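Below you'll find the structure, written out as structure tokens, and then a few comments.
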Amino acid sequence: MKIPGPDHPITIEPTARRIRVSAGGTVIADTTHALTLREATYPAVYYIPRSDADPARLVRTDRVTHCPYKGDASYFSIRTDATTLDNAIWSYETPYPAMAAIAGHLAFYPDKVTIEELPPA
């Protein structure tokens, strides 16, 4: 486990905008409670509360990856009426203590879904 610091900063803060995630025109998640995670020089990532996603569209897969700063990530595919997007979502279900805020949240690969930033509802 590595701790974020000056050489690899990670910040997590509430997102001021409403975030809607869709795939093929199907809304997968819609929330005003997203978190924005900024890590080093990587693009910012929205983490959406799992309770604001459509559970009927999520299919857990066997894929697992490890981040030395966040812990082990589980993956989900997205099932729409037209297709299945393999491993389009990741989630740190039991992240390291420094990243505890993202527990119970989902992050989406922006090349597999449409992520919209909307004014708060």
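A note on labels: chains of the structure tokens are A, B, ... as shown, every chain counts residues from 1, and ligands are counted from 1 in their shown order.
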All residues 9 Å or closer to Arg79 of chain A, only C-alpha atoms, same chain fewer than 5 positions away omitted, as a PyMOL selection string:
chain A and resi 23+56-59+84-86
Residues as selected, N, CA and C atoms, written as a CSV table (one decimal), in the first residue's frame, can you do that?
chain,number,residue,atom,x,y,z
A,23,ALA,N,-25.2,4.5,-22.1
A,23,ALA,CA,-24.6,3.6,-23.1
A,23,ALA,C,-25.7,3.3,-24.1
A,56,ALA,N,-29.9,-3.4,-12.6
A,56,ALA,CA,-30.3,-4.4,-13.6
A,56,ALA,C,-29.3,-4.3,-14.8
A,57,ARG,N,-28.6,-3.3,-15.0
A,57,ARG,CA,-27.7,-3.1,-16.1
A,57,ARG,C,-26.3,-3.5,-15.8
A,58,LEU,N,-26.0,-3.8,-14.6
A,58,LEU,CA,-24.6,-4.2,-14.2
A,58,LEU,C,-24.4,-5.7,-14.0
A,59,VAL,N,-23.3,-6.2,-14.6
A,59,VAL,CA,-23.0,-7.6,-14.6
A,59,VAL,C,-21.6,-7.7,-14.1
A,84,THR,N,-23.7,-5.7,-24.8
A,84,THR,CA,-23.0,-5.8,-23.5
A,84,THR,C,-21.6,-5.1,-23.7
A,85,LEU,N,-21.3,-4.2,-22.8
A,85,LEU,CA,-20.0,-3.5,-22.8
A,85,LEU,C,-19.2,-4.2,-21.7
A,86,ASP,N,-18.2,-5.0,-22.2
A,86,ASP,CA,-17.4,-5.7,-21.2
A,86,ASP,C,-16.5,-4.8,-20.4
Taking 4 positions as the minimum chain separation for residues in the same chain, which residues sit within 12 Å of Arg63 of chain A when counting only C-alpha atoms? Answer as a ChimeraX atom specification.
/A:59,72-77,86-91
Using DSSP on the backbone, list every residue of chain A that comes out as helix (DSSP H, G or I), and give them as a PyMOL selection string.
chain A and resi 50-52+55-57+97-102
Taking C-alpha atoms for each residue, export the selection above as an mmCIF file, in the first residue's frame.
data_model
loop_
_atom_site.group_PDB
_atom_site.id
_atom_site.type_symbol
_atom_site.label_atom_id
_atom_site.label_comp_id
_atom_site.auth_asym_id
_atom_site.auth_seq_id
_atom_site.Cartn_x
_atom_site.Cartn_y
_atom_site.Cartn_z
ATOM 1 C CA ARG A 50 -23.723 2.552 -6.650
ATOM 2 C CA SER A 51 -27.200 3.391 -5.342
ATOM 3 C CA ASP A 52 -27.549 5.921 -8.206
ATOM 4 C CA PRO A 55 -28.396 -2.478 -10.891
ATOM 5 C CA ALA A 56 -30.255 -4.389 -13.607
ATOM 6 C CA ARG A 57 -27.696 -3.080 -16.131
ATOM 7 C CA PRO A 97 -8.068 3.819 4.231
ATOM 8 C CA ALA A 98 -6.758 6.947 2.472
ATOM 9 C CA MET A 99 -9.302 6.324 -0.324
ATOM 10 C CA ALA A 100 -12.244 5.244 1.853
ATOM 11 C CA ALA A 101 -14.498 7.924 0.314
ATOM 12 C CA ILE A 102 -14.778 5.964 -2.973
#
Neighbour list for Leu118 of chain A as a PyMOL selection string, cut-off 7 Å, only C-alpha atoms, skip fewer than 3 positions in-chain
chain A and resi 17-19
Go ahead and write the residues just picked, C-alpha atoms, as a JSON list (two decimals), in the first residue's frame.
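The file below, again.json, is the result:
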[["chain", "number", "residue", "atom", "x", "y", "z"],
["A", 17, "ARG", "CA", -22.67, 19.12, -11.23],
["A", 18, "ARG", "CA", -25.17, 16.38, -11.93],
["A", 19, "ILE", "CA", -23.52, 13.45, -13.73]]
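Closest approach to His66 of chain A from the set A:Val27, A:Thr94, A:Ala53, A:Ile48 is made by A:Thr94, with distances taken over only C-alpha atoms.
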I want to know what sits within 6 Å of Thr36 of chain A, based on only C-alpha atoms, with residues of the same chain fewer than 3 positions away left out; could you give that as a list in words?
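The contact residues come out as Ile12, Glu13, Thr15, Val45 and Tyr46 of chain A.
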Taking the DSSP secondary structure from the backbone, can you list the residues of segment 13-61 of chain A that are strand (DSSP E or B), as a PyMOL selection string?
chain A and resi 13-14+18-23+26-31+35-39+45-49+53+58-61
Any chance you could export the current selection's C-alpha atoms as a PDB file, in the first residue's frame?
ATOM      1  CA  GLU A  13     -14.038  16.046  -3.633  1.00  0.00           C
ATOM      2  CA  PRO A  14     -17.797  16.314  -4.180  1.00  0.00           C
ATOM      3  CA  ARG A  18     -25.170  16.385 -11.934  1.00  0.00           C
ATOM      4  CA  ILE A  19     -23.519  13.451 -13.732  1.00  0.00           C
ATOM      5  CA  ARG A  20     -25.423  11.167 -16.101  1.00  0.00           C
ATOM      6  CA  VAL A  21     -23.849   8.071 -17.632  1.00  0.00           C
ATOM      7  CA  SER A  22     -25.454   6.349 -20.604  1.00  0.00           C
ATOM      8  CA  ALA A  23     -24.615   3.610 -23.061  1.00  0.00           C
ATOM      9  CA  THR A  26     -29.735   3.816 -22.090  1.00  0.00           C
ATOM     10  CA  VAL A  27     -29.162   5.698 -18.831  1.00  0.00           C
ATOM     11  CA  ILE A  28     -26.953   3.594 -16.559  1.00  0.00           C
ATOM     12  CA  ALA A  29     -26.449   6.109 -13.735  1.00  0.00           C
ATOM     13  CA  ASP A  30     -27.694   9.583 -12.837  1.00  0.00           C
ATOM     14  CA  THR A  31     -26.528  11.403  -9.719  1.00  0.00           C
ATOM     15  CA  LEU A  35     -17.164  12.405  -6.341  1.00  0.00           C
ATOM     16  CA  THR A  36     -14.322  13.705  -8.508  1.00  0.00           C
ATOM     17  CA  LEU A  37     -11.024  11.900  -8.019  1.00  0.00           C
ATOM     18  CA  ARG A  38      -7.892  13.594  -9.328  1.00  0.00           C
ATOM     19  CA  GLU A  39      -4.770  11.447  -9.347  1.00  0.00           C
ATOM     20  CA  VAL A  45     -12.566  10.452 -12.815  1.00  0.00           C
ATOM     21  CA  TYR A  46     -16.148  10.643 -11.552  1.00  0.00           C
ATOM     22  CA  TYR A  47     -17.082   8.073  -8.925  1.00  0.00           C
ATOM     23  CA  ILE A  48     -20.862   7.533  -8.839  1.00  0.00           C
ATOM     24  CA  PRO A  49     -22.654   6.097  -5.796  1.00  0.00           C
ATOM     25  CA  ALA A  53     -26.860   3.307 -10.905  1.00  0.00           C
ATOM     26  CA  LEU A  58     -24.595  -4.152 -14.165  1.00  0.00           C
ATOM     27  CA  VAL A  59     -23.016  -7.578 -14.560  1.00  0.00           C
ATOM     28  CA  ARG A  60     -20.096  -8.408 -12.267  1.00  0.00           C
ATOM     29  CA  THR A  61     -17.132  -9.967 -14.057  1.00  0.00           C
TER      30      THR A  61
END
In terms of the shortest atom-to-atom distance over only C-alpha atoms, which of A:Lys2, A:Pro9, A:Ile78, A:Val64 is closest to Phe108 of chain A?
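Smallest separation from Phe108 of chain A among the options: A:Ile78.
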Atom CA of Asp62 of chain A to atom CA of Gly25 of chain A, straight-line distance in Å
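Going from atom CA of Gly25 of chain A over to atom CA of Asp62 of chain A, I get 26.3 Å.
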Hey, which of A:Ala34, A:Glu116, A:Thr41, A:Pro95 ends up closest to His8 of chain A? Count only C-alpha atoms.
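The closest residue to His8 of chain A is A:Thr41.
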Between atom CA of Ala16 of chain A and atom CA of Tyr96 of chain A, what distance in Å does the model show, to one decimal?
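We find that atom CA of Ala16 of chain A and atom CA of Tyr96 of chain A lie 25.0 Å from each other.
Distance check against Ala82 of chain A using only C-alpha atoms: of A:His33, A:Gly24, A:Thr65, A:Thr11, the minimum falls on A:Gly24.
We find atom CA of Ala44 of chain A and atom CA of His105 of chain A to be spaced 14.9 Å apart.
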